[in-house]
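Below is one structure, written out as structure tokens; comments come after it.
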Amino acid sequence: MAYLSMGEAHRRITDYLGRFSDAVSSQDVASLKHLLSLSSNSPSLLSLADALNLFQDANRLIKQSDKYSQFAEIVVPLFRCLQNYKLNNLVDAYHAYEKAANAFIQEFRNWDSAWALEALYVIAYEIRVLAERADRELSANGKSPEKLKAAGSYLMKVFGVLAGKGPKRVGALYVTCQLFKIYFKLGTVHLCRSVIRSIETARIFDFEEFPQRDKVTYMYYTGRLEVYNENFTAADQKLSYALAHCNPRSEENIRMILKYLIPVKLSIGILPQDWLLEKYNLVEYRNIVQALKRGDLQLLRSALEEHEDRFLRSGVYLVLEKLELQVYQRLLKKIYIIQKQKDPSKAHQMKLEVIIKALKWLEIDMDLDEVECIVAILIHKNLVKGYFAHKSKVVVLSKQDPFPKLTGKPVNA
Amino acid sequence: MERRQKNQQQQNPRRNPLSSSSSSSSSHSSNRKSRYRPPNRASGDARARHREDSGLDSGDATTWDEPRSLARSIDERASAAGTRSSMGIREQQEQHQHHQDGENARDSREFASAVGTCPYMCPVGEMAQRERLRDLAVFERLHGNPAKTSPELAVKKFCRTISTRHVQLSDIRPLSVLGSTLDYLMNLMNSTPEPFETVHDFIFDRTRSIRQDLSMQDILDKRAIHMYEKMVNFHVISHHKLRLSSSGPNSFNISSLHHLNMEQLAKVLTSLYNLYDLNRDHNSMHKNEPEYRSLYVLLCLNSESLPEGERLSLWFRRVPTPVIKSKEMTFARRILRYFRTDNYKCFFSTIAAEASYLQYCALEPYIDKVRALAVLLINNGGYKLHPYPIAHLSNLLMMERWSHSASHVALRPPWTSREIRFYPPNSRPSIIQRQDMGSMAFQVSKIFAGLSKLLARQIQKRGIFYDHLISSAFR
């Protein structure tokens with residue numbers, strides 16, 4: 001490690017202070033945001049941290065000059081944060097950053113124009129990321145992780161500041177997205193509701209005004225919420241929007257969107273092509289798609305079992321389970337086609353026994369009652385047109401279009 | 001008069017329990033000798049150690065956070081700025097007034113590790129006061145005298161507005177007393193001739209007080225688990241029994257009791273899950289955990305029953321893998337699947353084959369819904385000219401073959417004694433309905449209401465009741 005002299009440390013500190021105050025006075029957000037971006041691990045910030053740890057009396061420097069002391073509320077805790085960050089005390093670093101962030105937001109309120117919005121974005125991002133790391137440190141030490149929740153409260157405050165009539169309001173969506181990330185991570189997804197309400201119903205916000213990137217993120221998260229609530233039409237809309245407007249080069253983001261969009265599309269009867277699954281590494285859906293195409297119930301069940309953990313974790317398991325009904329429809333349709341080839345005049349009558357046999361070939365044991373039950377369900381949900389006769393143990397299919405397609409609507413109740 | 005001795009000095013509520021060690025040596029009031037032990041970092045935090053579940057995405061939430069409509073009890077605690085106390089299972093006392101919550105969080109820190117000294121089911125002071133005020137439940141009255149009770153009968157009441165300033169350790173029951181109190185209450189449930197609503201009310205309140213005492217003493221270990229499980233049993237069985245008595249002049253009261261019970265059940269369950277998480281080492285699980293986790297799934301089959309709550313999709317994300325793979329949870333997930341796909345056949349046959357009594361009680365409200373749905377489906381898709389045989393239906397739906405004289409069936413005698421046709425009000429009437437003089441539309445739900453009793457009794461006997469039903473259907 002290079003030897004750091006006191007003089008050099010002093011120089012680095014005053015250099016930073018100078019850049020900070022210059023950035024603010026000339027409203028230079030590009031410079032300002034670099035000065036706040038801890039997690040970028042930029043060499044200048046890290047070397048500043050070294051300097052602070054050596055010098056240990058930066059506060060005096062700050063208070064000495066008028067130019068710097070006006071930002072003391074922000075910079076003093078920021079320096080403390082840097083010091084702790086470098087020493088890997090993330091909980092203390094978080095505390096200090098939160099303090100600096102609070103002071104920043106007070107100043108931000110007083111600035112008329114929205115020039116500092118990008119700096120605010122940096123702060124919002126940093127606070128979340130720092131909180132996550134702080135929580136990891138807390139957990140590792142056997143304590144209760146609560147910093148991320150605190151970060152959420154801070155961001156709600158920021159949201160309140162931005163939710164006004166002025167030009168600053170376009171920043172609200174970015175903050176919303178950070179909040180979503182926090183709530184999803186904490187599992188307190190119900191808290192998203194109030195923010196969503198504000199964004200979607202408050203008259204000050206015009207959705208189209210927000211930056212593209214934020215709109216995509218927003219639609220991704222709200223789309224996911226719709227998936228959990230099983231509103232497939234809304235989920236389709238939102239996730240498709242996100243997909244359509246997402247940067248085609250950010251493959252990871254596309255993959256994340258598809259991970260949720262695919263189950264939604266499957267539920268409304270639209271199957272993805274294999275190259276899509278291949279390209280974005282979503283091969284866990286491959287067998288499911290196959291099962292739907294072939295009417296292979298066993299394949300569906302084994303695919304669900306094989307990737308059970310993954311699907312449960314992402315929360316799409318229950319959605320995929322319901323695809324069973326479409327698989328049954330496909331199976332019956334295949335039997336119908338085969339019967340039609342053998343004897344077109346009798347094809348529309350399907351003995352339940354035949355269905356049982358087909359299922360047996362798929363290594364699934366079902367008795368007559370269960371098959372009849374499934375047929376009743378399919379008829380009710382309009383996946384099959386016809387009726388069943390209990391006494392004769394037969395399904396009589398409609399002569400016209402006995403297996404209606406889903407045509408983009410979810411299987412109805 | 002006297003009742004509770006107002007604390008002359010007592011603990012300063014603002015004192016930080018972590019820093020002080022002086023409380024134990026305070027010699028102010030004689031009967032409030034608190035054995036206050038500063039929290040032991042080493043042992044306490046080992047319990048609270050966060051467990052990395054390998055099955056979970058590292059990016060996902062690993063702390064249990066319960067849905068809002070369910071136990072709003074633990075949320076504040078789990079996140080309360082505080083350390084060990086924040087892991088306490090504080091029972092939410094009341095509707096959440098924020099200052100109340102703050103106060104509770106402070107209270108719990110105050111009493112961390114304190115041990116109560118009350119030797120009876122009810123503190124002496126409270127007994128005396130309630131005798132004076134004639135505020136004694138029917139079970140607490142000595143020889144029916146509304147102004148006299150005894151230590152064997154009186155049980156401490158739940159107090160909403162409790163605050164540390166006024167509570168003495170002699171008012172708090174230690175763990176052993178709490179255990180025997182709970183056993184007493186559970187026995188009461190099965191042995192009293194009073195109507196069930198009265199018993200329920202009493203036990204509801206008194207168990208809440210037990211939870212209060214438990215949390216004030218920060219009892220979070222396996223013994224707490226054991227007690228919480230018993231309390232869940234009470235609420236689940238009430239869930240079932242209250243429905244049975246939900247007819248007649250009392251039905252309005254009962255349905256609100258039922259709703260409150262469900263709320264409380266949710267809270268207790270969530271507290272229990274938190275206890276399981278706290279007491280878990282490595283990847284093991286408590287032996288009853290799978291069954292009690294499965295109850296949540298069964299209570300929430302219908303996602304609309306939790307308008308504000310956590311969807312099951314989200315809930316499953318945070319269930320530990322060994323629990324997911326357990327027999328009871330697998331059962332619950334299969335029932336969920338059958339319910340969501342309207343598969344009435346497997347729904348009933350699986351319940352008959354595998355449900356435990358508790359699981360059945362949790363499922364009960366859905367059973368009639370599925371029966372009604374089954375009738376709807378069969379009527380919708382069945383061939384109208386061939387009536388569906390009732391004996392077969394009764395087997396499928398696990399129902400007793402019903403007699404023709406049942407007064408709650410608005411139905412004229414059917415065609416034959418073994419067959420009947422259904423025309424649930426919401427379905428399209430078929431041609432036959434108009435021609436047939438012998439049957440009318442009926443309210444499906446009314447028919448089935450009385451018939452659940454049989455199913456419940458059968459499961460209670462834990463026998464293979466399906467066979468019994470078959471034989472009774474073909475009698």
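In the structure tokens, the first chain shown is A, the next is B, and so on; residue numbers restart at 1 for each chain, and ligands run from 1 in the order shown.
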
task: Using only C-alpha atoms, determine which residues lie at most 8 Å from Leu275 in chain B, disregarding the query and same-chain residues fewer than 2 positions distant; provide the list as a list of chain:residue names.
output: B:Ile89, B:Leu220, B:Asp221, B:Ala224, B:Ile225, B:Ser271, B:Leu272, B:Tyr273, B:Asp277, B:Leu278, B:Asn279

What are the closest atom pairs, with distances in Å to one decimal, for each residue of chain A lying within 8 Å of chain B, using only C-alpha atoms, rows by chain and rising residue number, as CSV?
residue,atom,partner,partner_atom,distance
A:Ser139,CA,B:His50,CA,5.4
A:Ala140,CA,B:His50,CA,7.0
A:Asn141,CA,B:Arg49,CA,7.3
A:Gly142,CA,B:Arg49,CA,4.1
A:Lys143,CA,B:Thr83,CA,6.3
A:Ser144,CA,B:Thr83,CA,6.3
A:Pro145,CA,B:Ser79,CA,7.7
A:Glu146,CA,B:Ser79,CA,5.7
A:Lys149,CA,B:Ser79,CA,7.6
A:Phe184,CA,B:Ala61,CA,7.6
A:Lys185,CA,B:Ala61,CA,4.9
A:Leu186,CA,B:Ala61,CA,4.8
A:Gly187,CA,B:Ala61,CA,5.7
A:Thr188,CA,B:Asp65,CA,6.8
A:Val189,CA,B:Glu310,CA,7.9
A:His190,CA,B:Glu308,CA,7.3
A:Tyr228,CA,B:Ser313,CA,6.2
A:Asn229,CA,B:Arg311,CA,7.0
A:Asp309,CA,B:Gly55,CA,6.7
A:Leu312,CA,B:Arg317,CA,5.7
A:Arg313,CA,B:Arg317,CA,4.7
A:Ser314,CA,B:Arg317,CA,7.2
A:Gly315,CA,B:Ser313,CA,4.8
A:Val316,CA,B:Ser313,CA,6.9
A:Tyr317,CA,B:Ser313,CA,7.4
A:Leu318,CA,B:Ser313,CA,6.6
A:Glu321,CA,B:Arg337,CA,7.2
A:Lys322,CA,B:Thr341,CA,6.5
A:Leu325,CA,B:Thr341,CA,7.5
A:Asp369,CA,B:Lys345,CA,6.9
A:Glu370,CA,B:Lys345,CA,5.7
A:Cys373,CA,B:Lys345,CA,6.3
A:Ile374,CA,B:Asn343,CA,6.7
A:Ala376,CA,B:Gly381,CA,5.5
A:Ile377,CA,B:Leu377,CA,6.5
A:Ile379,CA,B:Gly381,CA,6.1
A:His380,CA,B:Leu377,CA,6.2
A:Gly386,CA,B:Gly381,CA,7.3
A:Tyr387,CA,B:Gly381,CA,4.8
A:Phe388,CA,B:Gly382,CA,5.1
A:Ala389,CA,B:Tyr383,CA,4.9
A:His390,CA,B:Tyr388,CA,6.9
A:Lys391,CA,B:His386,CA,7.2

Using C-alpha atoms, can you export the residues from the last selection as a PDB file, in the first residue's frame?
ATOM      1  CA  SER A 139     -28.092 -11.224   9.734  1.00  0.00           C
ATOM      2  CA  ALA A 140     -24.615 -12.629   9.706  1.00  0.00           C
ATOM      3  CA  ASN A 141     -24.216 -11.330  13.232  1.00  0.00           C
ATOM      4  CA  GLY A 142     -27.456 -12.868  14.390  1.00  0.00           C
ATOM      5  CA  LYS A 143     -29.379  -9.626  14.528  1.00  0.00           C
ATOM      6  CA  SER A 144     -32.655  -8.674  12.990  1.00  0.00           C
ATOM      7  CA  PRO A 145     -32.232  -7.153   9.514  1.00  0.00           C
ATOM      8  CA  GLU A 146     -34.201  -3.950   9.401  1.00  0.00           C
ATOM      9  CA  LYS A 149     -37.232  -1.459   5.676  1.00  0.00           C
ATOM     10  CA  PHE A 184     -40.420  -7.397  -3.375  1.00  0.00           C
ATOM     11  CA  LYS A 185     -37.219  -8.265  -1.621  1.00  0.00           C
ATOM     12  CA  LEU A 186     -38.750  -7.838   1.809  1.00  0.00           C
ATOM     13  CA  GLY A 187     -41.853  -9.713   0.794  1.00  0.00           C
ATOM     14  CA  THR A 188     -44.076  -6.834   1.852  1.00  0.00           C
ATOM     15  CA  VAL A 189     -45.602  -6.675  -1.557  1.00  0.00           C
ATOM     16  CA  HIS A 190     -48.901  -5.308  -0.326  1.00  0.00           C
ATOM     17  CA  TYR A 228     -49.630 -13.101  -8.423  1.00  0.00           C
ATOM     18  CA  ASN A 229     -53.205 -11.898  -8.331  1.00  0.00           C
ATOM     19  CA  ASP A 309     -38.284 -25.111  -6.234  1.00  0.00           C
ATOM     20  CA  LEU A 312     -42.287 -21.837  -6.210  1.00  0.00           C
ATOM     21  CA  ARG A 313     -39.591 -19.291  -5.603  1.00  0.00           C
ATOM     22  CA  SER A 314     -40.620 -17.093  -8.476  1.00  0.00           C
ATOM     23  CA  GLY A 315     -44.255 -17.541  -7.543  1.00  0.00           C
ATOM     24  CA  VAL A 316     -45.502 -18.919 -10.855  1.00  0.00           C
ATOM     25  CA  TYR A 317     -46.039 -22.483  -9.709  1.00  0.00           C
ATOM     26  CA  LEU A 318     -49.747 -22.130  -9.046  1.00  0.00           C
ATOM     27  CA  GLU A 321     -50.455 -25.990 -12.286  1.00  0.00           C
ATOM     28  CA  LYS A 322     -53.652 -24.726 -13.751  1.00  0.00           C
ATOM     29  CA  LEU A 325     -56.903 -28.283 -17.970  1.00  0.00           C
ATOM     30  CA  ASP A 369     -65.485 -40.919 -11.842  1.00  0.00           C
ATOM     31  CA  GLU A 370     -62.438 -38.796 -12.149  1.00  0.00           C
ATOM     32  CA  CYS A 373     -65.320 -35.075 -13.429  1.00  0.00           C
ATOM     33  CA  ILE A 374     -62.587 -33.740 -15.706  1.00  0.00           C
ATOM     34  CA  ALA A 376     -67.552 -31.917 -16.674  1.00  0.00           C
ATOM     35  CA  ILE A 377     -64.963 -29.290 -15.818  1.00  0.00           C
ATOM     36  CA  ILE A 379     -67.343 -28.493 -20.609  1.00  0.00           C
ATOM     37  CA  HIS A 380     -68.067 -25.939 -17.944  1.00  0.00           C
ATOM     38  CA  GLY A 386     -70.709 -31.153 -25.702  1.00  0.00           C
ATOM     39  CA  TYR A 387     -72.175 -33.171 -22.886  1.00  0.00           C
ATOM     40  CA  PHE A 388     -71.525 -36.391 -21.046  1.00  0.00           C
ATOM     41  CA  ALA A 389     -73.938 -39.209 -20.365  1.00  0.00           C
ATOM     42  CA  HIS A 390     -73.320 -40.882 -17.057  1.00  0.00           C
ATOM     43  CA  LYS A 391     -75.217 -44.034 -17.761  1.00  0.00           C
TER      44      LYS A 391
END

Report the residues of range 89-303 of chain B whose backbone DSSP state falls under alpha helix (DSSP H), written as an mmCIF file with C-alpha atoms, in the first residue's frame.
data_model
loop_
_atom_site.group_PDB
_atom_site.id
_atom_site.type_symbol
_atom_site.label_atom_id
_atom_site.label_comp_id
_atom_site.auth_asym_id
_atom_site.auth_seq_id
_atom_site.Cartn_x
_atom_site.Cartn_y
_atom_site.Cartn_z
ATOM 1 C CA HIS B 98 -49.564 3.477 16.262
ATOM 2 C CA HIS B 99 -48.685 4.813 19.656
ATOM 3 C CA GLN B 100 -50.006 1.620 21.121
ATOM 4 C CA ASP B 101 -47.683 -0.332 18.928
ATOM 5 C CA GLY B 102 -44.789 1.813 19.905
ATOM 6 C CA GLU B 103 -45.662 1.382 23.496
ATOM 7 C CA ASN B 104 -45.908 -2.336 23.152
ATOM 8 C CA ALA B 105 -42.538 -2.528 21.562
ATOM 9 C CA ARG B 106 -41.175 -0.559 24.457
ATOM 10 C CA ASP B 107 -43.075 -2.683 26.957
ATOM 11 C CA SER B 108 -41.612 -5.825 25.585
ATOM 12 C CA ARG B 109 -38.139 -4.471 25.938
ATOM 13 C CA GLU B 110 -38.985 -3.525 29.476
ATOM 14 C CA PHE B 111 -39.956 -7.013 30.462
ATOM 15 C CA VAL B 124 -55.249 -12.245 43.346
ATOM 16 C CA GLY B 125 -55.884 -8.566 42.851
ATOM 17 C CA GLU B 126 -57.879 -9.096 39.715
ATOM 18 C CA MET B 127 -59.910 -11.844 41.351
ATOM 19 C CA ALA B 128 -60.878 -9.565 44.194
ATOM 20 C CA GLN B 129 -61.749 -6.714 41.900
ATOM 21 C CA ARG B 130 -63.878 -8.759 39.578
ATOM 22 C CA GLU B 131 -65.735 -10.298 42.500
ATOM 23 C CA ARG B 132 -66.533 -6.822 43.677
ATOM 24 C CA LEU B 133 -67.654 -5.685 40.259
ATOM 25 C CA LEU B 175 -44.703 -20.543 32.226
ATOM 26 C CA SER B 176 -45.758 -23.499 34.357
ATOM 27 C CA VAL B 177 -48.924 -21.764 35.487
ATOM 28 C CA LEU B 178 -49.662 -20.709 31.938
ATOM 29 C CA GLY B 179 -49.288 -24.294 30.823
ATOM 30 C CA SER B 180 -51.747 -25.610 33.374
ATOM 31 C CA THR B 181 -54.132 -22.736 32.696
ATOM 32 C CA LEU B 182 -54.150 -23.634 29.037
ATOM 33 C CA ASP B 183 -54.778 -27.284 29.797
ATOM 34 C CA TYR B 184 -57.640 -26.294 32.060
ATOM 35 C CA LEU B 185 -59.197 -24.213 29.303
ATOM 36 C CA MET B 186 -58.806 -26.937 26.704
ATOM 37 C CA ASN B 187 -60.524 -29.413 28.988
ATOM 38 C CA LEU B 188 -63.294 -26.945 29.568
ATOM 39 C CA MET B 189 -63.924 -26.816 25.865
ATOM 40 C CA ASN B 190 -64.883 -30.451 25.769
ATOM 41 C CA SER B 191 -66.574 -30.915 29.082
ATOM 42 C CA PHE B 196 -70.538 -23.479 22.378
ATOM 43 C CA GLU B 197 -70.629 -19.746 21.695
ATOM 44 C CA THR B 198 -70.292 -19.037 25.390
ATOM 45 C CA VAL B 199 -67.392 -21.424 25.799
ATOM 46 C CA HIS B 200 -65.756 -20.038 22.718
ATOM 47 C CA ASP B 201 -66.021 -16.490 23.933
ATOM 48 C CA PHE B 202 -64.491 -17.349 27.265
ATOM 49 C CA ILE B 203 -61.630 -19.388 25.917
ATOM 50 C CA PHE B 204 -60.983 -16.856 23.146
ATOM 51 C CA ASP B 205 -60.443 -14.129 25.667
ATOM 52 C CA ARG B 206 -58.523 -16.123 28.230
ATOM 53 C CA THR B 207 -56.110 -17.603 25.724
ATOM 54 C CA ARG B 208 -55.423 -14.136 24.454
ATOM 55 C CA SER B 209 -54.396 -13.229 27.958
ATOM 56 C CA ILE B 210 -52.126 -16.258 28.056
ATOM 57 C CA ARG B 211 -50.428 -15.066 24.902
ATOM 58 C CA GLN B 212 -50.047 -11.667 26.441
ATOM 59 C CA ASP B 213 -48.297 -13.121 29.467
ATOM 60 C CA LEU B 214 -46.113 -15.273 27.262
ATOM 61 C CA SER B 215 -44.953 -12.380 25.192
ATOM 62 C CA MET B 216 -44.360 -10.137 28.130
ATOM 63 C CA LYS B 222 -40.294 -24.918 22.191
ATOM 64 C CA ARG B 223 -42.571 -24.645 25.173
ATOM 65 C CA ALA B 224 -44.152 -21.595 23.632
ATOM 66 C CA ILE B 225 -44.542 -23.532 20.414
ATOM 67 C CA HIS B 226 -46.361 -26.285 22.245
ATOM 68 C CA MET B 227 -48.787 -23.798 23.769
ATOM 69 C CA TYR B 228 -49.383 -21.878 20.585
ATOM 70 C CA GLU B 229 -50.168 -25.115 18.809
ATOM 71 C CA LYS B 230 -52.842 -25.889 21.349
ATOM 72 C CA MET B 231 -54.308 -22.451 20.895
ATOM 73 C CA VAL B 232 -54.378 -22.918 17.154
ATOM 74 C CA ASN B 233 -56.250 -26.152 17.768
ATOM 75 C CA PHE B 234 -58.846 -24.243 19.713
ATOM 76 C CA HIS B 235 -59.351 -21.656 17.009
ATOM 77 C CA VAL B 236 -59.497 -24.195 14.220
ATOM 78 C CA ILE B 237 -62.019 -26.324 16.028
ATOM 79 C CA SER B 238 -64.041 -23.208 16.783
ATOM 80 C CA HIS B 239 -63.856 -22.367 13.105
ATOM 81 C CA HIS B 240 -65.714 -25.593 12.518
ATOM 82 C CA LYS B 241 -68.058 -25.637 15.475
ATOM 83 C CA LEU B 242 -69.191 -22.069 15.099
ATOM 84 C CA ARG B 243 -70.330 -22.802 11.596
ATOM 85 C CA LEU B 244 -72.405 -25.691 12.822
ATOM 86 C CA SER B 251 -76.834 -16.622 13.691
ATOM 87 C CA PHE B 252 -75.864 -13.012 13.257
ATOM 88 C CA ASN B 253 -73.799 -12.985 16.408
ATOM 89 C CA ILE B 254 -72.239 -16.232 15.493
ATOM 90 C CA SER B 255 -71.125 -15.145 12.096
ATOM 91 C CA SER B 256 -69.356 -12.172 13.580
ATOM 92 C CA LEU B 257 -67.807 -14.495 16.173
ATOM 93 C CA HIS B 258 -66.714 -16.668 13.303
ATOM 94 C CA HIS B 259 -65.105 -13.767 11.545
ATOM 95 C CA LEU B 260 -63.288 -12.577 14.649
ATOM 96 C CA ASN B 261 -62.160 -16.098 15.276
ATOM 97 C CA MET B 262 -60.715 -16.314 11.815
ATOM 98 C CA GLU B 263 -58.829 -13.083 12.361
ATOM 99 C CA GLN B 264 -57.405 -14.272 15.631
ATOM 100 C CA LEU B 265 -56.595 -17.654 14.179
ATOM 101 C CA ALA B 266 -54.592 -15.985 11.483
ATOM 102 C CA LYS B 267 -52.637 -13.996 14.029
ATOM 103 C CA VAL B 268 -51.889 -16.966 16.202
ATOM 104 C CA LEU B 269 -50.817 -19.015 13.209
ATOM 105 C CA THR B 270 -48.445 -16.349 12.088
ATOM 106 C CA SER B 271 -46.970 -16.049 15.558
ATOM 107 C CA LEU B 272 -46.539 -19.790 15.588
ATOM 108 C CA TYR B 273 -44.718 -19.743 12.256
ATOM 109 C CA ASN B 274 -42.399 -17.103 13.585
ATOM 110 C CA LEU B 275 -41.676 -19.316 16.567
ATOM 111 C CA TYR B 276 -40.901 -22.198 14.263
ATOM 112 C CA ASP B 277 -38.475 -20.031 12.346
ATOM 113 C CA LEU B 278 -36.790 -18.800 15.490
ATOM 114 C CA GLU B 289 -44.721 -27.795 11.769
ATOM 115 C CA PRO B 290 -45.876 -29.355 8.500
ATOM 116 C CA GLU B 291 -49.398 -29.833 9.746
ATOM 117 C CA TYR B 292 -49.684 -26.350 11.143
ATOM 118 C CA ARG B 293 -48.211 -24.805 8.030
ATOM 119 C CA SER B 294 -50.614 -26.769 5.903
ATOM 120 C CA LEU B 295 -53.491 -25.208 7.823
ATOM 121 C CA TYR B 296 -52.676 -21.834 6.348
ATOM 122 C CA VAL B 297 -53.002 -23.166 2.850
ATOM 123 C CA LEU B 298 -56.276 -24.875 3.648
ATOM 124 C CA LEU B 299 -57.733 -21.810 5.305
#

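Take the candidates A:Ile257, A:Ala303, A:Cys81, A:Leu46 and check each one against Leu243 in chain A using only C-alpha atoms; the shortest distance goes to A:Ile257.
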
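Between CA of Thr176 in chain A and CA of Phe20 in chain A the interatomic distance comes to 27.2 Å.
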
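Around Ala150 in chain A, within 10 Å and counting only C-alpha atoms, the residues found are His95, Glu98, Ile127, Arg128, Ala131, Glu146, Tyr154, Leu155 and Met156 of chain A; Ser79 and Ala81 of chain B, once anything fewer than 4 positions away on its own chain is removed.
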
What would the file look like if the residues just selected were written as a short mmCIF file (atom, residue, chain, number, x, y, z; two decimals), in the first residue's frame with all heavy atoms?
data_model
loop_
_atom_site.label_atom_id
_atom_site.label_comp_id
_atom_site.auth_asym_id
_atom_site.auth_seq_id
_atom_site.Cartn_x
_atom_site.Cartn_y
_atom_site.Cartn_z
N HIS A 95 -26.18 3.93 8.10
CA HIS A 95 -26.73 4.99 8.97
C HIS A 95 -26.28 6.36 8.52
O HIS A 95 -27.08 7.29 8.43
CB HIS A 95 -26.22 4.80 10.40
CG HIS A 95 -27.13 3.96 11.21
ND1 HIS A 95 -26.69 3.11 12.19
CD2 HIS A 95 -28.46 3.81 11.18
CE1 HIS A 95 -27.71 2.48 12.71
NE2 HIS A 95 -28.79 2.90 12.13
N GLU A 98 -27.77 7.43 5.24
CA GLU A 98 -29.16 7.85 5.38
C GLU A 98 -29.23 9.28 5.90
O GLU A 98 -30.05 10.08 5.47
CB GLU A 98 -29.90 6.90 6.33
CG GLU A 98 -31.39 6.91 6.12
CD GLU A 98 -32.18 6.23 7.23
OE1 GLU A 98 -32.09 4.99 7.32
OE2 GLU A 98 -32.86 6.93 7.97
N ILE A 127 -28.96 4.07 -1.46
CA ILE A 127 -29.54 3.78 -0.15
C ILE A 127 -30.11 2.37 -0.13
O ILE A 127 -29.99 1.65 0.87
CB ILE A 127 -30.58 4.85 0.22
CG1 ILE A 127 -30.15 5.50 1.51
CG2 ILE A 127 -31.96 4.34 0.30
CD1 ILE A 127 -31.17 6.27 2.21
N ARG A 128 -30.68 1.98 -1.23
CA ARG A 128 -31.24 0.62 -1.26
C ARG A 128 -30.12 -0.41 -1.20
O ARG A 128 -30.16 -1.36 -0.41
CB ARG A 128 -32.08 0.43 -2.52
CG ARG A 128 -32.58 -1.00 -2.67
CD ARG A 128 -33.50 -1.13 -3.86
NE ARG A 128 -32.81 -0.95 -5.11
CZ ARG A 128 -32.20 -1.91 -5.79
NH1 ARG A 128 -32.19 -3.14 -5.32
NH2 ARG A 128 -31.61 -1.65 -6.93
N ALA A 131 -28.45 -0.55 2.13
CA ALA A 131 -29.33 -1.17 3.12
C ALA A 131 -29.30 -2.69 2.99
O ALA A 131 -29.29 -3.42 3.98
CB ALA A 131 -30.75 -0.64 2.97
N GLU A 146 -33.11 -4.91 9.46
CA GLU A 146 -34.20 -3.95 9.40
C GLU A 146 -33.84 -2.72 8.60
O GLU A 146 -34.61 -1.77 8.53
CB GLU A 146 -34.53 -3.50 10.80
CG GLU A 146 -33.26 -2.97 11.32
CD GLU A 146 -33.16 -2.73 12.79
OE1 GLU A 146 -33.99 -3.21 13.55
OE2 GLU A 146 -32.22 -2.03 13.13
N TYR A 154 -37.47 5.84 3.95
CA TYR A 154 -36.83 7.03 3.41
C TYR A 154 -37.32 7.32 2.00
O TYR A 154 -37.64 8.46 1.65
CB TYR A 154 -35.30 6.85 3.40
CG TYR A 154 -34.59 7.94 2.66
CD1 TYR A 154 -34.42 9.21 3.21
CD2 TYR A 154 -34.12 7.74 1.35
CE1 TYR A 154 -33.81 10.23 2.50
CE2 TYR A 154 -33.51 8.75 0.65
CZ TYR A 154 -33.34 10.00 1.21
OH TYR A 154 -32.75 11.00 0.51
N LEU A 155 -37.41 6.27 1.20
CA LEU A 155 -37.81 6.48 -0.18
C LEU A 155 -39.26 6.96 -0.29
O LEU A 155 -39.60 7.72 -1.18
CB LEU A 155 -37.59 5.22 -1.01
CG LEU A 155 -36.13 4.95 -1.31
CD1 LEU A 155 -35.97 3.65 -2.08
CD2 LEU A 155 -35.52 6.08 -2.10
N MET A 156 -40.08 6.51 0.62
CA MET A 156 -41.45 7.02 0.62
C MET A 156 -41.45 8.52 0.87
O MET A 156 -42.22 9.26 0.28
CB MET A 156 -42.28 6.33 1.71
CG MET A 156 -42.84 5.00 1.31
SD MET A 156 -43.84 5.07 -0.20
CE MET A 156 -45.41 5.59 0.44
N SER B 79 -39.80 -5.73 12.92
CA SER B 79 -38.99 -4.68 12.34
C SER B 79 -38.71 -3.59 13.34
O SER B 79 -38.10 -2.60 13.02
CB SER B 79 -39.71 -4.08 11.15
OG SER B 79 -40.91 -3.50 11.63
N ALA B 81 -37.22 -1.18 15.70
CA ALA B 81 -35.81 -0.84 15.89
C ALA B 81 -35.43 -1.30 17.26
O ALA B 81 -35.86 -0.78 18.27
CB ALA B 81 -35.63 0.67 15.76
#
